[in-house]
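A.B. asks: Contents are mmCIF, C-alpha atoms; file name model_14.cif:
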```cif
data_protein
loop_
_atom_site.group_PDB
_atom_site.id
_atom_site.type_symbol
_atom_site.label_atom_id
_atom_site.label_comp_id
_atom_site.auth_asym_id
_atom_site.auth_seq_id
_atom_site.Cartn_x
_atom_site.Cartn_y
_atom_site.Cartn_z
ATOM 1 C CA ALA A 1 -13.601 10.224 -0.306
ATOM 2 C CA GLN A 2 -9.937 10.921 -0.651
ATOM 3 C CA THR A 3 -8.132 10.493 -3.946
ATOM 4 C CA VAL A 4 -4.441 10.361 -4.801
ATOM 5 C CA THR A 5 -3.117 11.242 -8.251
ATOM 6 C CA GLN A 6 0.273 10.459 -9.704
ATOM 7 C CA SER A 7 0.434 12.078 -13.111
ATOM 8 C CA GLN A 8 3.748 10.588 -14.222
ATOM 9 C CA PRO A 9 3.289 6.934 -15.228
ATOM 10 C CA GLU A 10 6.998 6.642 -16.014
ATOM 11 C CA MET A 11 10.162 8.553 -15.197
ATOM 12 C CA SER A 12 13.811 7.941 -15.901
ATOM 13 C CA VAL A 13 16.995 9.406 -14.467
ATOM 14 C CA GLN A 14 20.712 9.003 -14.957
ATOM 15 C CA GLU A 15 22.531 7.218 -12.191
ATOM 16 C CA ALA A 16 23.821 9.680 -9.544
ATOM 17 C CA GLU A 17 21.388 12.397 -10.683
ATOM 18 C CA THR A 18 18.325 13.728 -8.871
ATOM 19 C CA VAL A 19 14.724 12.986 -9.776
ATOM 20 C CA THR A 20 11.415 14.239 -8.416
ATOM 21 C CA LEU A 21 8.193 12.228 -8.504
ATOM 22 C CA SER A 22 4.910 14.105 -8.255
ATOM 23 C CA CYS A 23 1.826 13.358 -6.226
ATOM 24 C CA THR A 24 -1.318 15.351 -5.561
ATOM 25 C CA TYR A 25 -4.241 14.416 -3.375
ATOM 26 C CA ASP A 26 -7.718 15.579 -2.668
ATOM 27 C CA THR A 27 -9.180 15.670 0.822
ATOM 28 C CA SER A 28 -11.397 17.809 2.990
ATOM 29 C CA GLU A 29 -9.599 16.690 6.132
ATOM 30 C CA SER A 30 -7.036 18.816 7.937
ATOM 31 C CA ASP A 31 -5.152 16.036 9.682
ATOM 32 C CA TYR A 32 -3.724 13.104 7.798
ATOM 33 C CA TYR A 33 -0.563 11.246 6.875
ATOM 34 C CA LEU A 34 1.159 10.839 3.546
ATOM 35 C CA PHE A 35 3.503 8.092 2.478
ATOM 36 C CA TRP A 36 5.717 7.024 -0.371
ATOM 37 C CA TYR A 37 6.064 3.295 -0.937
ATOM 38 C CA LYS A 38 8.523 1.596 -3.248
ATOM 39 C CA GLN A 39 7.708 -1.624 -5.105
ATOM 40 C CA PRO A 40 10.793 -3.181 -6.734
ATOM 41 C CA PRO A 41 10.555 -6.081 -9.197
ATOM 42 C CA SER A 42 10.263 -8.441 -6.232
ATOM 43 C CA ARG A 43 6.782 -6.837 -5.744
ATOM 44 C CA GLN A 44 7.419 -6.268 -2.042
ATOM 45 C CA MET A 45 5.890 -3.004 -0.769
ATOM 46 C CA ILE A 46 8.547 -1.015 1.089
ATOM 47 C CA LEU A 47 7.875 2.173 3.038
ATOM 48 C CA VAL A 48 10.224 4.924 1.871
ATOM 49 C CA ILE A 49 9.113 7.992 3.783
ATOM 50 C CA ARG A 50 6.162 9.453 5.673
ATOM 51 C CA GLN A 51 4.875 12.954 6.377
ATOM 52 C CA GLU A 52 2.459 14.163 9.024
ATOM 53 C CA ALA A 53 0.162 16.878 7.716
ATOM 54 C CA TYR A 54 0.396 18.957 10.882
ATOM 55 C CA LYS A 55 4.171 19.226 10.528
ATOM 56 C CA GLN A 56 5.439 21.977 8.275
ATOM 57 C CA GLN A 57 8.937 20.535 8.119
ATOM 58 C CA ASN A 58 9.507 18.296 5.139
ATOM 59 C CA ALA A 59 10.495 14.717 5.972
ATOM 60 C CA THR A 60 13.868 13.355 4.915
ATOM 61 C CA GLU A 61 15.313 9.837 4.974
ATOM 62 C CA ASN A 62 18.898 9.712 3.738
ATOM 63 C CA ARG A 63 18.732 10.320 -0.046
ATOM 64 C CA PHE A 64 14.938 10.622 -0.022
ATOM 65 C CA SER A 65 13.107 13.815 0.818
ATOM 66 C CA VAL A 66 9.658 15.226 0.246
ATOM 67 C CA ASN A 67 8.255 18.595 -0.694
ATOM 68 C CA PHE A 68 4.963 18.832 1.164
ATOM 69 C CA GLN A 69 2.726 21.725 0.133
ATOM 70 C CA LYS A 70 -0.417 21.398 2.233
ATOM 71 C CA ALA A 71 -2.352 24.264 0.688
ATOM 72 C CA ALA A 72 -1.647 22.966 -2.792
ATOM 73 C CA LYS A 73 -2.274 19.347 -1.671
ATOM 74 C CA SER A 74 0.996 18.315 -3.212
ATOM 75 C CA PHE A 75 3.476 15.737 -1.924
ATOM 76 C CA SER A 76 6.462 15.140 -4.192
ATOM 77 C CA LEU A 77 9.357 12.761 -3.597
ATOM 78 C CA LYS A 78 12.922 13.756 -4.402
ATOM 79 C CA ILE A 79 15.548 11.072 -4.803
ATOM 80 C CA SER A 80 19.106 12.368 -4.743
ATOM 81 C CA ASP A 81 22.181 10.557 -6.042
ATOM 82 C CA SER A 82 19.993 7.959 -7.778
ATOM 83 C CA GLN A 83 21.236 4.400 -7.591
ATOM 84 C CA LEU A 84 20.443 1.345 -9.676
ATOM 85 C CA GLY A 85 18.637 -0.139 -6.689
ATOM 86 C CA ASP A 86 16.161 2.728 -6.748
ATOM 87 C CA ALA A 87 14.568 1.333 -9.894
ATOM 88 C CA ALA A 88 11.011 0.449 -8.912
ATOM 89 C CA MET A 89 7.381 1.494 -8.941
ATOM 90 C CA TYR A 90 6.749 4.290 -6.488
ATOM 91 C CA PHE A 91 3.334 4.745 -4.929
ATOM 92 C CA CYS A 92 2.072 7.772 -3.078
ATOM 93 C CA ALA A 93 -0.474 6.999 -0.350
ATOM 94 C CA TYR A 94 -2.847 8.891 1.924
ATOM 95 C CA ARG A 95 -4.105 7.915 5.350
ATOM 96 C CA SER A 96 -6.736 9.777 7.312
ATOM 97 C CA ALA A 97 -6.009 10.625 10.937
ATOM 98 C CA ASN A 98 -9.628 9.902 11.799
ATOM 99 C CA PHE A 99 -10.300 6.911 14.008
ATOM 100 C CA GLY A 100 -11.916 4.112 12.046
ATOM 101 C CA ASN A 101 -10.678 5.367 8.683
ATOM 102 C CA GLU A 102 -7.154 4.077 8.747
ATOM 103 C CA LYS A 103 -6.855 2.511 5.337
ATOM 104 C CA LEU A 104 -4.213 3.665 2.867
ATOM 105 C CA THR A 105 -5.436 5.149 -0.399
ATOM 106 C CA PHE A 106 -2.853 4.718 -3.154
ATOM 107 C CA GLY A 107 -2.103 6.519 -6.367
ATOM 108 C CA THR A 108 -1.568 4.575 -9.576
ATOM 109 C CA GLY A 109 2.199 4.680 -9.286
ATOM 110 C CA THR A 110 5.233 5.984 -11.169
ATOM 111 C CA ARG A 111 7.674 3.541 -12.711
ATOM 112 C CA LEU A 112 11.215 4.842 -12.174
ATOM 113 C CA THR A 113 14.027 3.655 -14.427
ATOM 114 C CA ILE A 114 17.661 4.326 -13.559
ATOM 115 C CA ILE A 115 19.960 4.751 -16.566
ATOM 116 C CA PRO A 116 23.525 3.557 -15.870
ATOM 117 C CA ASP B 1 11.446 -10.527 6.231
ATOM 118 C CA SER B 2 8.825 -7.866 6.985
ATOM 119 C CA GLY B 3 7.219 -9.858 9.785
ATOM 120 C CA VAL B 4 3.952 -10.223 7.872
ATOM 121 C CA THR B 5 3.555 -13.720 6.462
ATOM 122 C CA GLN B 6 1.329 -14.517 3.523
ATOM 123 C CA THR B 7 0.626 -17.976 2.179
ATOM 124 C CA PRO B 8 0.660 -19.296 -0.406
ATOM 125 C CA LYS B 9 3.010 -17.177 -2.509
ATOM 126 C CA HIS B 10 1.538 -18.433 -5.759
ATOM 127 C CA LEU B 11 -1.821 -19.969 -6.580
ATOM 128 C CA ILE B 12 -3.159 -21.177 -9.901
ATOM 129 C CA THR B 13 -6.765 -22.231 -10.085
ATOM 130 C CA ALA B 14 -9.618 -22.589 -12.539
ATOM 131 C CA THR B 15 -12.591 -20.337 -13.061
ATOM 132 C CA GLY B 16 -15.471 -21.056 -10.738
ATOM 133 C CA GLN B 17 -13.246 -22.357 -7.973
ATOM 134 C CA ARG B 18 -12.762 -21.091 -4.415
ATOM 135 C CA VAL B 19 -9.476 -20.261 -2.746
ATOM 136 C CA THR B 20 -8.322 -19.074 0.670
ATOM 137 C CA LEU B 21 -5.425 -16.710 1.204
ATOM 138 C CA ARG B 22 -3.824 -16.537 4.612
ATOM 139 C CA CYS B 23 -2.072 -13.721 6.440
ATOM 140 C CA SER B 24 -0.257 -13.655 9.760
ATOM 141 C CA PRO B 25 0.324 -10.091 10.937
ATOM 142 C CA ARG B 26 3.467 -8.772 12.534
ATOM 143 C CA SER B 27 3.694 -9.549 16.226
ATOM 144 C CA GLY B 28 1.721 -7.012 18.247
ATOM 145 C CA ASP B 29 -0.233 -5.619 15.310
ATOM 146 C CA LEU B 30 -4.004 -5.739 15.737
ATOM 147 C CA SER B 31 -5.095 -4.518 12.308
ATOM 148 C CA VAL B 32 -5.000 -6.469 9.076
ATOM 149 C CA TYR B 33 -5.673 -4.874 5.709
ATOM 150 C CA TRP B 34 -6.253 -6.678 2.432
ATOM 151 C CA TYR B 35 -5.383 -5.074 -0.894
ATOM 152 C CA GLN B 36 -5.719 -6.206 -4.500
ATOM 153 C CA GLN B 37 -3.191 -5.179 -7.134
ATOM 154 C CA SER B 38 -4.106 -6.029 -10.699
ATOM 155 C CA LEU B 39 -1.422 -6.058 -13.396
ATOM 156 C CA ASP B 40 0.620 -2.841 -13.268
ATOM 157 C CA GLN B 41 -2.090 -1.089 -11.300
ATOM 158 C CA GLY B 42 -2.236 0.589 -7.937
ATOM 159 C CA LEU B 43 -3.399 -1.130 -4.804
ATOM 160 C CA GLN B 44 -7.132 -1.273 -4.189
ATOM 161 C CA PHE B 45 -8.304 -1.546 -0.599
ATOM 162 C CA LEU B 46 -10.579 -4.501 0.041
ATOM 163 C CA ILE B 47 -11.204 -4.793 3.768
ATOM 164 C CA GLN B 48 -9.754 -4.128 7.227
ATOM 165 C CA TYR B 49 -10.039 -6.130 10.414
ATOM 166 C CA TYR B 50 -9.100 -4.831 13.825
ATOM 167 C CA ASN B 51 -8.697 -7.252 16.718
ATOM 168 C CA GLY B 52 -11.129 -9.726 15.204
ATOM 169 C CA GLU B 53 -13.785 -7.275 14.078
ATOM 170 C CA GLU B 54 -14.430 -5.843 10.638
ATOM 171 C CA ARG B 55 -13.397 -2.154 10.768
ATOM 172 C CA ALA B 56 -13.684 -0.893 7.207
ATOM 173 C CA LYS B 57 -14.762 -2.156 3.829
ATOM 174 C CA GLY B 58 -13.592 -1.033 0.424
ATOM 175 C CA ASN B 59 -14.438 -2.232 -3.064
ATOM 176 C CA ILE B 60 -14.713 -5.859 -2.076
ATOM 177 C CA LEU B 61 -16.880 -8.056 -4.248
ATOM 178 C CA GLU B 62 -19.702 -10.075 -2.704
ATOM 179 C CA ARG B 63 -17.887 -13.210 -3.882
ATOM 180 C CA PHE B 64 -15.041 -12.279 -1.556
ATOM 181 C CA SER B 65 -15.091 -12.504 2.219
ATOM 182 C CA ALA B 66 -12.580 -12.279 5.028
ATOM 183 C CA GLN B 67 -12.234 -12.926 8.705
ATOM 184 C CA GLN B 68 -9.726 -12.435 11.486
ATOM 185 C CA PHE B 69 -9.267 -15.143 14.053
ATOM 186 C CA PRO B 70 -8.545 -14.877 17.798
ATOM 187 C CA ASP B 71 -4.821 -15.373 17.153
ATOM 188 C CA LEU B 72 -5.103 -12.347 14.798
ATOM 189 C CA HIS B 73 -4.275 -14.172 11.606
ATOM 190 C CA SER B 74 -6.650 -13.405 8.774
ATOM 191 C CA GLU B 75 -8.018 -15.261 5.794
ATOM 192 C CA LEU B 76 -9.377 -13.863 2.545
ATOM 193 C CA ASN B 77 -11.805 -16.180 0.790
ATOM 194 C CA LEU B 78 -12.378 -15.750 -2.928
ATOM 195 C CA SER B 79 -15.164 -17.782 -4.525
ATOM 196 C CA SER B 80 -16.690 -18.290 -7.981
ATOM 197 C CA LEU B 81 -13.400 -17.078 -9.370
ATOM 198 C CA GLU B 82 -13.278 -15.255 -12.673
ATOM 199 C CA LEU B 83 -10.363 -14.515 -14.982
ATOM 200 C CA GLY B 84 -10.460 -10.891 -13.854
ATOM 201 C CA ASP B 85 -9.717 -11.912 -10.285
ATOM 202 C CA SER B 86 -6.160 -12.729 -11.293
ATOM 203 C CA ALA B 87 -4.022 -10.327 -9.286
ATOM 204 C CA LEU B 88 -1.516 -9.894 -6.519
ATOM 205 C CA TYR B 89 -3.230 -9.891 -3.148
ATOM 206 C CA PHE B 90 -1.429 -8.112 -0.349
ATOM 207 C CA CYS B 91 -1.971 -8.250 3.342
ATOM 208 C CA ALA B 92 -0.666 -5.447 5.537
ATOM 209 C CA SER B 93 -0.680 -5.121 9.283
ATOM 210 C CA GLY B 94 -0.582 -2.147 11.602
ATOM 211 C CA GLY B 95 -0.356 -1.557 15.308
ATOM 212 C CA PRO B 96 -2.804 0.297 17.540
ATOM 213 C CA ASP B 97 -1.244 3.523 16.343
ATOM 214 C CA SER B 98 -0.396 2.906 12.726
ATOM 215 C CA THR B 99 0.549 6.423 11.810
ATOM 216 C CA TYR B 100 3.981 5.155 10.883
ATOM 217 C CA GLY B 101 2.575 3.243 7.942
ATOM 218 C CA TYR B 102 1.800 -0.390 7.582
ATOM 219 C CA THR B 103 3.964 -3.423 7.051
ATOM 220 C CA PHE B 104 3.156 -5.400 3.953
ATOM 221 C CA GLY B 105 3.514 -9.079 3.326
ATOM 222 C CA SER B 106 5.119 -10.329 0.136
ATOM 223 C CA GLY B 107 1.740 -10.997 -1.453
ATOM 224 C CA THR B 108 -0.069 -13.946 -2.983
ATOM 225 C CA ARG B 109 -0.027 -14.121 -6.769
ATOM 226 C CA LEU B 110 -3.377 -15.561 -7.871
ATOM 227 C CA THR B 111 -3.773 -16.745 -11.435
ATOM 228 C CA VAL B 112 -7.218 -17.846 -12.584
ATOM 229 C CA VAL B 113 -7.195 -19.917 -15.765
#
```
Take the structure in the file and give it back as C-alpha cells.

C.D. replies:
Amino acid sequence: AQTVTQSQPEMSVQEAETVTLSCTYDTSESDYYLFWYKQPPSRQMILVIRQEAYKQQNATENRFSVNFQKAAKSFSLKISDSQLGDAAMYFCAYRSANFGNEKLTFGTGTRLTIIP
Amino acid sequence: DSGVTQTPKHLITATGQRVTLRCSPRSGDLSVYWYQQSLDQGLQFLIQYYNGEERAKGNILERFSAQQFPDLHSELNLSSLELGDSALYFCASGGPDSTYGYTFGSGTRLTVV
C-alpha cells in the first residue's frame, strides 16, 4: 500500500516571501500521479498542482511549483510571493496509474500561516 | 461552484441514528469517491463507485454503506452512529481518465451528539 508523509504539521511565512512544504511518499509503483490540494477555512478541497511521475520536468502553476525527486520519493511544494489568501491546510496526495486503483491517498497535511 | 453537489451541508443527529449523505458528481464524471475527514486530520478514503459499480473499498466501517444510482448520483448511508463518526464527509468525482485529479464537493459536516 502507498503511504504519504508530510512531516511539517505547521509552517509560517511572511507575506511576499517564499515557503516550501515537504512531502515524501512510499510506493513500489513506477507510474503514478502526485497532487497538492489546498483546504482553506471554508474546508473546500482545491487542486493546486499535479505532477506525472513519468515526466522529469517539474510542474508549475503561476506562483506554485514543485520539486519532484522520483528516486528520493519526494514531492515538495514551493509557494512564491506568498499572499494572505494562501493561508490554508495543504495536503499532498498520491494516485496510482494502475487501472482499478484510482483513489487518492493523502498525507496528514501542513497548516500554512501567512504573517502580514 | 466545483460542479460536485453534496447535501446536506450540515447534519446533527443523535447516537444510534441513521443518516444518508447525497452526492451529485460533476457532469460527465463516472466515478464517485467518498472520503472522511475527522477534526484536523487528513482525508481517509472510504469507497469508490464507477458507473454504478463498486470499484474500490477503503477503511469503511460495516455500519457504513454506499451506492451509485443510474443517474450517477451516490448516497453514503451511515447507521448506528457513534460520537466518533462526527466528521466532514467529502464526495469527489472524476472522469474516465481522472489523472488530472478529482473535483471535490463542499462536504457534509456530520455532528453526532

A.B. asks: I need the contact residues of chain A against chain B, so if you could list those with any atom within 8 Å, counting all atoms listed in the file, and return them as a list in words, that would help.

C.D. replies: Tyr33, Phe35, Arg43, Gln44, Met45, Ile46, Leu47, Arg50, Phe91, Ala97, Gly100, Asn101, Glu102, Lys103, Leu104, Thr105, Phe106, Gly107, Thr108 and Gly109 of chain A

A.B. asks: Could you save the residues just selected, with C-alpha atoms, as a compact mmCIF listing (two decimals), keeping the file's coordinate frame?

C.D. replies:
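Output saved as part26.txt:
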```
# COMPACT_ATOMS: atom_id res chain seq x y z
CA TYR A 33 -0.56 11.25 6.88
CA PHE A 35 3.50 8.09 2.48
CA ARG A 43 6.78 -6.84 -5.74
CA GLN A 44 7.42 -6.27 -2.04
CA MET A 45 5.89 -3.00 -0.77
CA ILE A 46 8.55 -1.01 1.09
CA LEU A 47 7.88 2.17 3.04
CA ARG A 50 6.16 9.45 5.67
CA PHE A 91 3.33 4.74 -4.93
CA ALA A 97 -6.01 10.62 10.94
CA GLY A 100 -11.92 4.11 12.05
CA ASN A 101 -10.68 5.37 8.68
CA GLU A 102 -7.15 4.08 8.75
CA LYS A 103 -6.86 2.51 5.34
CA LEU A 104 -4.21 3.66 2.87
CA THR A 105 -5.44 5.15 -0.40
CA PHE A 106 -2.85 4.72 -3.15
CA GLY A 107 -2.10 6.52 -6.37
CA THR A 108 -1.57 4.58 -9.58
CA GLY A 109 2.20 4.68 -9.29
```

A.B. asks: Take the PyMOL selection byres ((chain B and resi 61-77) around 7), run it mentally on this structure, and tell me the resulting residues as a ChimeraX atom specification.

C.D. replies: /B:19-25,30,49,51-52,59-60,78-80

A.B. asks: Can you work out the spacing between atom CA of Val112 of chain B and atom CA of Ser38 of chain B in Å, to one decimal?

C.D. replies: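 The value is 12.4 Å.
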
A.B. asks: Mind pulling up the distance from atom CA of Tyr25 of chain A to atom CA of Ser80 of chain A?

C.D. replies: 23.5 Å

A.B. asks: As lines of an AutoDock Vina configuration file, please report the centre and edge lengths, rounded to one decimal in Å, of the axis-aligned box that holds all listed atoms of segment 77-93 of chain B with 4 Å of padding on each of the six sides.

C.D. replies:
```
center_x = -8.7
center_y = -11.7
center_z = -2.8
size_x = 24.0
size_y = 21.2
size_z = 32.3
```

A.B. asks: Identify all residues satisfying the PyMOL selection byres ((chain B and resi 110) around 6) in the given file; provide them as a VMD selection string.

C.D. replies: chain B and resid 11 to 12 86 to 87 109 111

A.B. asks: Could you please give me, as a list in words, the residues of protein, DNA or RNA lying at most 8 Å from (15.1, 1.7, -17.1) in the coordinate frame of the file, considering all atoms listed in the file?

C.D. replies: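 Output of the proximity query reads Ser12, Ala87, Leu112, Thr113, Ile114 and Ile115 of chain A.
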
A.B. asks: On this structure, which residues satisfy the PyMOL selection byres ((chain A and resi 13-23) around 6), written as a list in words?

C.D. replies: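 When the PyMOL selection byres ((chain A and resi 13-23) around 6) is applied, the selected residues are Thr5, Gln6, Ser12, Thr24, Ser74, Phe75, Ser76, Leu77, Lys78, Ile79, Ser80, Asp81, Ser82, Gln83, Ile114, Ile115 and Pro116 of chain A.
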
A.B. asks: State, in Å with one decimal place, the distance from atom CA of Gln17 of chain B to atom CA of Pro41 of chain A.

C.D. replies: 28.9 Å

A.B. asks: Quick one: of A:Val66, A:Ala88, A:Ala71, A:Ala93, who's nearest to Ser42 of chain A, counting all atoms listed in the file?

C.D. replies: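 Smallest distance to Ser42 of chain A is found for A:Ala88.
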
A.B. asks: Within 7 Å of Glu82 of chain B, counting all atoms listed in the file, which residues show up once you throw out same-chain ones fewer than 3 positions away? Write them as a ChimeraX atom specification, please.

C.D. replies: /B:15-16,85,112

A.B. asks: So which residues touch Thr110 of chain A within 7 Å, counting all atoms listed in the file, skipping near sequence neighbours fewer than 3 positions away, as an MDAnalysis selection string?

C.D. replies: chainID A and resid 6 8:11 89:91

A.B. asks: Name the closest residue to Lys9 of chain B among the candidates B:Ser27, B:Glu54, B:Thr108, B:Tyr89; distances are taken between atoms, counting all atoms listed in the file.

C.D. replies: B:Thr108

A.B. asks: Rank A:Lys38, A:Gln51, A:Ala1, A:Asp26 by their smallest atom-to-atom distance to Gly85 of chain A, using only C-alpha atoms, and report the top residue only.

C.D. replies: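 That would be A:Lys38, the residue with the smallest distance to Gly85 of chain A.
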
A.B. asks: Smallest atom-to-atom distance to Asp31 of chain A: which of A:Ser7, A:Tyr54, A:Arg63, A:Gln2, using only C-alpha atoms?

C.D. replies: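 Closest candidate: A:Tyr54.
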
A.B. asks: Please determine the residues with any atom at most 7 Å from (5.0, -13.8, 9.1) (coordinates as given in the file, with all atoms listed in the file counting) and report them as a VMD selection string.

C.D. replies: chain B and resid 3 to 6 24 to 26
